[in-house]
$ cat model02.cif   # mmCIF, C-alpha atoms
data_protein
loop_
_atom_site.label_atom_id
_atom_site.label_comp_id
_atom_site.auth_asym_id
_atom_site.auth_seq_id
_atom_site.Cartn_x
_atom_site.Cartn_y
_atom_site.Cartn_z
CA MET A 1 5.97 0.27 -4.01
CA ARG A 2 8.79 -2.13 -4.77
CA LEU A 3 10.33 -2.96 -8.13
CA GLU A 4 11.83 -6.27 -9.16
CA ALA A 5 15.41 -5.47 -10.18
CA ARG A 6 18.77 -7.02 -10.98
CA HIS A 7 22.34 -5.76 -11.15
CA ASP A 8 24.99 -7.26 -13.45
CA PRO A 9 28.56 -6.02 -12.85
CA CYS A 10 30.64 -5.08 -15.86
CA ALA A 11 32.22 -8.18 -17.38
CA ALA A 12 35.40 -6.21 -18.15
CA GLY A 13 36.03 -5.41 -14.48
CA ARG A 14 35.85 -2.27 -12.37
CA THR A 15 33.97 0.65 -13.91
CA ASP A 16 32.37 3.88 -12.77
CA THR A 17 29.57 3.69 -15.39
CA ALA A 18 26.23 1.90 -15.20
CA VAL A 19 23.47 1.48 -17.78
CA VAL A 20 19.84 1.30 -16.65
CA VAL A 21 17.71 -0.76 -19.05
CA ALA A 22 13.99 0.05 -19.46
CA HIS A 23 12.11 -2.78 -21.18
CA GLY A 24 9.13 -2.57 -23.49
CA PHE A 25 5.43 -3.02 -22.64
CA THR A 26 4.68 -6.56 -21.30
CA GLY A 27 8.41 -7.18 -20.74
CA SER A 28 10.16 -7.89 -17.44
CA VAL A 29 13.60 -8.31 -15.98
CA ASP A 30 13.68 -12.07 -16.65
CA ARG A 31 12.50 -12.08 -20.28
CA PRO A 32 15.13 -13.65 -22.57
CA ALA A 33 15.45 -10.56 -24.78
CA VAL A 34 16.01 -8.32 -21.75
CA ARG A 35 18.60 -10.70 -20.30
CA ARG A 36 20.37 -10.84 -23.68
CA ALA A 37 20.44 -7.04 -23.87
CA ALA A 38 21.81 -6.84 -20.32
CA ALA A 39 24.56 -9.35 -21.12
CA SER A 40 25.63 -7.38 -24.21
CA LEU A 41 25.64 -4.04 -22.40
CA ALA A 42 27.54 -5.55 -19.45
CA ARG A 43 30.57 -5.88 -21.69
CA HIS A 44 30.89 -2.09 -21.38
CA ALA A 45 29.35 -1.09 -18.03
CA GLY A 46 27.51 -2.30 -14.99
CA VAL A 47 23.86 -2.95 -15.88
CA VAL A 48 20.71 -2.41 -13.83
CA THR A 49 17.56 -4.03 -15.20
CA PHE A 50 14.16 -3.85 -13.55
CA SER A 51 10.52 -4.68 -14.21
CA PHE A 52 8.28 -1.65 -14.62
CA ARG A 53 5.35 -1.30 -12.23
CA GLY A 54 2.64 -3.83 -13.05
CA HIS A 55 5.15 -6.06 -14.88
CA GLY A 56 6.73 -9.29 -13.70
CA ARG A 57 7.12 -9.35 -9.92
CA SER A 58 7.05 -5.57 -9.44
CA GLY A 59 4.21 -4.02 -7.50
CA GLY A 60 1.50 -1.68 -8.73
CA ARG A 61 -0.17 -1.49 -12.11
CA SER A 62 1.16 -0.31 -15.44
CA THR A 63 0.24 3.21 -16.53
CA VAL A 64 1.76 2.44 -19.96
CA GLY A 65 4.46 5.11 -19.90
CA ASP A 66 3.17 7.77 -17.49
CA ARG A 67 4.27 7.12 -13.89
CA GLU A 68 6.93 4.71 -15.13
CA VAL A 69 9.22 7.76 -15.19
CA LEU A 70 9.39 7.33 -11.40
CA ASP A 71 10.59 3.74 -11.88
CA VAL A 72 13.49 4.84 -14.09
CA ALA A 73 14.39 7.56 -11.59
CA ALA A 74 14.43 4.98 -8.78
CA ALA A 75 16.73 2.68 -10.78
CA VAL A 76 19.11 5.53 -11.60
CA GLU A 77 19.21 6.57 -7.94
CA TRP A 78 19.92 2.97 -6.93
CA ALA A 79 22.85 2.78 -9.36
CA ARG A 80 24.33 6.02 -8.01
CA ALA A 81 23.87 4.85 -4.41
CA ALA A 82 25.67 1.61 -5.36
CA GLY A 83 28.74 3.70 -6.24
CA TYR A 84 28.48 4.45 -9.95
CA ALA A 85 29.61 7.97 -10.81
CA ARG A 86 27.99 7.93 -14.27
CA VAL A 87 24.61 6.43 -15.15
CA ALA A 88 23.18 6.16 -18.66
CA THR A 89 19.70 4.95 -19.63
CA VAL A 90 18.45 2.92 -22.58
CA GLY A 91 14.79 2.15 -23.24
CA PHE A 92 12.97 -0.05 -25.72
CA SER A 93 9.54 0.81 -27.19
CA MET A 94 7.44 1.96 -24.18
CA GLY A 95 10.68 2.04 -22.20
CA GLY A 96 12.14 4.29 -24.90
CA SER A 97 9.35 6.82 -24.44
CA VAL A 98 9.88 6.67 -20.68
CA VAL A 99 13.65 7.28 -20.75
CA LEU A 100 13.10 10.26 -23.07
CA ARG A 101 10.64 11.83 -20.64
CA HIS A 102 12.87 10.94 -17.70
CA ALA A 103 15.89 12.62 -19.33
CA ALA A 104 13.80 15.75 -19.92
CA LEU A 105 12.03 15.94 -16.56
CA TYR A 106 15.09 15.10 -14.46
CA GLY A 107 17.63 16.87 -16.65
CA PRO A 108 19.63 20.00 -15.87
CA ARG A 109 17.25 22.25 -17.82
CA HIS A 110 14.27 21.09 -15.75
CA GLY A 111 15.99 21.19 -12.37
CA GLY A 112 15.54 17.50 -11.59
CA ARG A 113 17.30 15.83 -8.69
CA ALA A 114 20.96 15.27 -9.57
CA GLU A 115 20.99 11.78 -8.06
CA ALA A 116 18.15 10.71 -10.41
CA ARG A 117 19.65 12.33 -13.51
CA THR A 118 20.99 10.42 -16.50
CA ASP A 119 24.34 11.21 -18.15
CA ALA A 120 23.30 9.86 -21.57
CA VAL A 121 20.10 8.39 -23.01
CA ALA A 122 19.25 6.05 -25.88
CA ALA A 123 15.70 5.36 -27.09
CA VAL A 124 15.22 2.24 -29.23
CA SER A 125 11.99 1.74 -31.22
CA ALA A 126 10.27 4.51 -29.28
CA PRO A 127 7.04 6.22 -30.38
CA ALA A 128 7.11 9.94 -31.06
CA ARG A 129 3.51 10.57 -30.03
CA TRP A 130 0.76 9.00 -27.93
CA TYR A 131 -2.40 7.18 -29.07
CA TYR A 132 -0.85 5.98 -32.33
CA ARG A 133 -3.08 3.37 -34.01
CA GLY A 134 -1.67 3.43 -37.53
CA THR A 135 -0.50 -0.20 -37.57
CA ALA A 136 -2.28 -3.46 -36.78
CA PRO A 137 0.08 -4.33 -33.87
CA MET A 138 -0.63 -0.97 -32.23
CA ARG A 139 -4.37 -1.44 -32.64
CA ARG A 140 -3.98 -4.74 -30.76
CA VAL A 141 -1.98 -2.98 -28.04
CA HIS A 142 -4.74 -0.39 -27.63
CA TRP A 143 -7.33 -3.17 -27.32
CA LEU A 144 -5.17 -4.76 -24.61
CA ILE A 145 -4.94 -1.48 -22.69
CA THR A 146 -8.44 -0.04 -23.07
CA ARG A 147 -10.78 -3.06 -22.95
CA PRO A 148 -11.59 -5.10 -19.83
CA ALA A 149 -11.06 -8.32 -21.78
CA GLY A 150 -7.72 -7.01 -23.02
CA ARG A 151 -6.58 -6.21 -19.49
CA LEU A 152 -7.49 -9.74 -18.43
CA VAL A 153 -5.32 -11.11 -21.23
CA GLY A 154 -2.55 -8.80 -20.06
CA ARG A 155 -2.81 -9.96 -16.45
CA TYR A 156 -3.09 -13.71 -16.97
CA GLY A 157 -1.44 -14.20 -20.35
CA LEU A 158 1.35 -11.61 -20.31
CA ARG A 159 2.02 -11.10 -16.56
CA THR A 160 1.17 -7.40 -17.00
CA ARG A 161 -1.32 -5.69 -14.71
CA ILE A 162 -2.68 -2.62 -16.50
CA HIS A 163 -4.34 0.37 -14.83
CA ASP A 164 -7.99 0.82 -15.85
CA ARG A 165 -8.00 4.65 -15.74
CA ASP A 166 -7.25 7.11 -18.52
CA TRP A 167 -4.29 9.45 -18.21
CA ASP A 168 -5.21 12.63 -16.33
CA PRO A 169 -3.41 14.76 -17.24
CA VAL A 170 -1.95 13.36 -20.46
CA PRO A 171 1.84 13.18 -19.97
CA LEU A 172 4.29 15.11 -22.11
CA PRO A 173 4.68 13.18 -25.39
CA PRO A 174 8.15 11.90 -26.35
CA VAL A 175 8.44 14.39 -29.22
CA GLY A 176 7.71 17.17 -26.73
CA ALA A 177 10.27 15.85 -24.26
CA VAL A 178 13.15 15.66 -26.74
CA PRO A 179 13.80 19.43 -27.00
CA LEU A 180 14.23 19.54 -23.19
CA ILE A 181 16.94 16.83 -23.03
CA ALA A 182 19.98 18.78 -24.27
CA PRO A 183 22.76 19.09 -23.20
CA THR A 184 22.41 15.43 -22.16
CA PRO A 185 23.60 13.26 -25.11
CA LEU A 186 20.71 11.58 -26.95
CA LEU A 187 20.68 8.60 -29.32
CA VAL A 188 17.57 7.54 -31.28
CA VAL A 189 17.65 4.00 -32.74
CA HIS A 190 14.91 2.56 -34.94
CA GLY A 191 14.44 -0.26 -37.43
CA ASP A 192 13.21 0.41 -40.94
CA ARG A 193 10.98 -2.70 -40.66
CA ASP A 194 9.43 -1.88 -37.31
CA PRO A 195 5.86 -3.26 -37.46
CA TYR A 196 4.63 -1.04 -34.59
CA PHE A 197 6.01 2.44 -35.33
CA PRO A 198 7.07 3.44 -38.87
CA VAL A 199 10.14 5.57 -39.51
CA ASP A 200 8.27 8.88 -39.27
CA HIS A 201 8.44 8.38 -35.49
CA PRO A 202 12.26 8.40 -35.16
CA LEU A 203 12.51 11.11 -37.80
CA ALA A 204 10.14 13.28 -35.75
CA LEU A 205 12.15 12.64 -32.59
CA ALA A 206 15.43 13.52 -34.29
CA ALA A 207 13.92 16.65 -35.84
CA ALA A 208 12.62 17.78 -32.44
CA ALA A 209 16.17 17.60 -31.09
CA ASP A 210 17.21 20.24 -33.64
CA GLY A 211 20.62 18.71 -34.29
CA ALA A 212 21.30 17.65 -30.68
CA ALA A 213 20.50 13.93 -31.22
CA GLU A 214 22.22 11.13 -33.10
CA LEU A 215 19.89 9.00 -35.25
CA TRP A 216 20.57 5.40 -36.29
CA LEU A 217 18.08 3.93 -38.78
CA GLU A 218 18.85 0.21 -38.81
CA ALA A 219 18.24 -1.66 -42.08
CA GLY A 220 16.11 -4.78 -41.70
CA MET A 221 15.50 -4.31 -37.97
CA GLY A 222 12.08 -4.94 -36.46
CA HIS A 223 10.86 -3.79 -33.06
CA ALA A 224 12.56 -3.20 -29.71
CA GLU A 225 14.70 -5.58 -27.64
CA ASN A 226 13.46 -8.68 -29.46
CA ALA A 227 14.84 -7.34 -32.75
CA ALA A 228 18.07 -5.75 -31.45
CA GLY A 229 20.97 -8.00 -32.39
CA ASP A 230 24.13 -8.40 -30.37
CA ALA A 231 26.16 -6.22 -32.75
CA LEU A 232 23.67 -3.35 -32.39
CA LEU A 233 23.51 -3.74 -28.60
CA ASP A 234 27.31 -3.67 -28.50
CA ARG A 235 27.33 -0.41 -30.51
CA ILE A 236 24.71 1.08 -28.18
CA GLY A 237 26.78 0.07 -25.16
CA ARG A 238 29.89 1.72 -26.57
CA TRP A 239 27.93 4.88 -27.45
CA LEU A 240 26.35 5.13 -23.99
CA THR A 241 29.58 4.72 -22.06
CA SER A 242 31.43 7.16 -24.32
CA ALA A 243 28.64 9.74 -24.17
CA ALA A 244 28.29 9.41 -20.39
CA ALA A 245 32.04 9.94 -20.01
CA ARG A 246 31.79 13.15 -22.02
CA THR A 247 28.99 14.40 -19.82
CA GLY A 248 31.07 13.84 -16.70
CA ALA A 249 30.27 12.36 -13.32
CA THR A 250 27.24 13.77 -11.50
CA GLY A 251 27.36 11.49 -8.47
CA ALA A 252 29.91 10.09 -6.05
CA ALA A 253 32.77 8.20 -7.70
CA GLY A 254 33.28 4.56 -6.93
CA THR A 255 32.41 1.05 -8.02
CA THR A 256 29.59 -1.24 -7.02
CA ARG A 257 30.05 -4.35 -4.92
CA SER A 258 26.84 -6.12 -5.93
CA THR A 259 27.03 -9.78 -6.94
CA GLY A 260 24.29 -9.45 -9.57
CA ALA A 261 21.52 -10.96 -7.45
CA THR A 262 17.90 -9.99 -7.86
CA GLY A 263 16.96 -7.01 -5.69
CA ALA A 264 14.37 -4.28 -5.32
CA ALA A 265 14.12 -0.54 -5.68
CA GLY A 266 11.48 1.83 -4.42
CA ALA A 267 9.44 4.15 -6.62
#

$ encode --input "model02.cif" --output "structure tokens"
Amino acid sequence: MRLEARHDPCAAGRTDTAVVVAHGFTGSVDRPAVRRAAASLARHAGVVTFSFRGHGRSGGRSTVGDREVLDVAAAVEWARAAGYARVATVGFSMGGSVVLRHAALYGPRHGGRAEARTDAVAAVSAPARWYYRGTAPMRRVHWLITRPAGRLVGRYGLRTRIHDRDWDPVPLPPVGAVPLIAPTPLLVVHGDRDPYFPVDHPLALAAAADGAAELWLEAGMGHAENAAGDALLDRIGRWLTSAAARTGATGAAGTTRSTGATGAAGA
């Protein structure tokens, strides 16, 4: 399977750090909010954005956070193969849950492949647990995922092709993944006006880290990449590059020679 992807070199010049951006459900590499996030983060590092399976022009169908871990791993491996010594990940909403599980499953405590490992991870507007239906927006999301009519709306209205099968087995929930991430640096970012996931979600994630995560509760912020302002994205970019530098290089040193054109990665 191939993934639609794009690389943006660091605007500041040569760097050995890349940030892989994982968008939210129904997003894609060319959505304005994703492009804006990439441009902000590219002030600090090279940036790799991609469309999850079933989204945009990527192949396959969305499993809404399950097998998408493989997509993040493929993007991280691509960045390392392009010459980046350090690779950090940041995910928004569904993408936030995916980068948390990726950091746990591919981290040093789990014995994941070093070339697919992240050096720092930030989850923005991520859920703590699966099947949450406590808000009206999330009830609409569940209708989109679970009903045939909803999946048709997803395919033709939102350019998102959703798998019609239930999870089997149910993947590790984000709150269960968090304790497995250390010693990889972890940042949890959430808005106090998030209409999808209230603040008990980031509080649960931070508590599960048992002091090993940094938590930013952002006053007045809504949900995910659409609500993340340039100042917040700039802070996240500075945190990721600093945290990745503390972790140290886990791949071959060097810099990428990509021109920023659209490309593809396997998963």

$ atom_distance --input "model02.cif" --atom1 "CA of Ala18 in chain A" --atom2 "CA of Val48 in chain A"
7.1 Å

$ residues_around --input "model02.cif" --residues "Glu115 in chain A" --least-positions-apart "4" --cutoff "12 Å" --atoms "only C-alpha atoms" --output "list in words"
Val72, Ala73, Ala74, Ala75, Val76, Glu77, Trp78, Ala79, Arg80, Ala81, Ala82, Gly83, Tyr84, Ala85, Arg86, Val87, Tyr106, Gly107, Pro108, Gly111, Asp119, Ala249, Thr250, Gly251 and Ala252 of chain A

$ closest_residue --input "model02.cif" --among "A:Ala219, A:Leu100, A:Val47, A:Ile181" --to "Glu68 in chain A" --atoms "all atoms listed in the file"
A:Leu100

$ atom_distance --input "model02.cif" --atom1 "CA of Ala114 in chain A" --atom2 "CA of Arg246 in chain A"
16.6 Å

$ residues_around --input "model02.cif" --residues "His44 in chain A" --least-positions-apart "3" --cutoff "10 Å" --atoms "all atoms listed in the file" --output "list in words"
Pro9, Cys10, Ala11, Ala12, Gly13, Thr15, Thr17, Ala18, Val19, Ala39, Ser40, Leu41, Val47, Asp234, Arg235, Ile236, Gly237, Arg238, Trp239, Leu240, Thr241 and Ser242 of chain A

$ closest_residue --input "model02.cif" --among "A:Thr63, A:Ser51, A:Ser58, A:Ser125" --to "Pro195 in chain A" --atoms "all atoms listed in the file"
A:Ser125

$ atom_distance --input "model02.cif" --atom1 "CA of Pro171 in chain A" --atom2 "CA of Arg57 in chain A"
25.2 Å

$ resolve_selection --input "model02.cif" --expression "the PyMOL selection byres ((chain A and resi 96) around 10)" --output "PyMOL selection string"
chain A and resi 21-24+65+89-95+97-102+121-128+174+188-189+224

$ residues_around --input "model02.cif" --residues "Ala207 in chain A" --least-positions-apart "5" --cutoff "12 Å" --atoms "only C-alpha atoms" --output "ChimeraX atom specification"
/A:128,175-176,178-179,188,200-202,212-215

$ write_last_selection --input "model02.cif" --atoms "C-alpha atoms" --output "PDB file, in the coordinates of the input"
ATOM      1  CA  ALA A 128       7.110   9.940 -31.060  1.00  0.00           C
ATOM      2  CA  VAL A 175       8.440  14.390 -29.220  1.00  0.00           C
ATOM      3  CA  GLY A 176       7.710  17.170 -26.730  1.00  0.00           C
ATOM      4  CA  VAL A 178      13.150  15.660 -26.740  1.00  0.00           C
ATOM      5  CA  PRO A 179      13.800  19.430 -27.000  1.00  0.00           C
ATOM      6  CA  VAL A 188      17.570   7.540 -31.280  1.00  0.00           C
ATOM      7  CA  ASP A 200       8.270   8.880 -39.270  1.00  0.00           C
ATOM      8  CA  HIS A 201       8.440   8.380 -35.490  1.00  0.00           C
ATOM      9  CA  PRO A 202      12.260   8.400 -35.160  1.00  0.00           C
ATOM     10  CA  ALA A 212      21.300  17.650 -30.680  1.00  0.00           C
ATOM     11  CA  ALA A 213      20.500  13.930 -31.220  1.00  0.00           C
ATOM     12  CA  GLU A 214      22.220  11.130 -33.100  1.00  0.00           C
ATOM     13  CA  LEU A 215      19.890   9.000 -35.250  1.00  0.00           C
TER      14      LEU A 215
END

$ closest_residue --input "model02.cif" --among "A:Ala120, A:Ile162, A:Ala244, A:Ala231" --to "Arg147 in chain A" --atoms "only C-alpha atoms"
A:Ile162

$ closest_residue --input "model02.cif" --among "A:Val29, A:Ala116, A:Ala206, A:Val20" --to "Ala42 in chain A" --atoms "only C-alpha atoms"
A:Val20

$ resolve_selection --input "model02.cif" --expression "the PyMOL selection byres ((chain A and resi 167) around 12)" --output "number ranges by chain"
A: 62-67, 130-131, 145-146, 163-166, 168-172
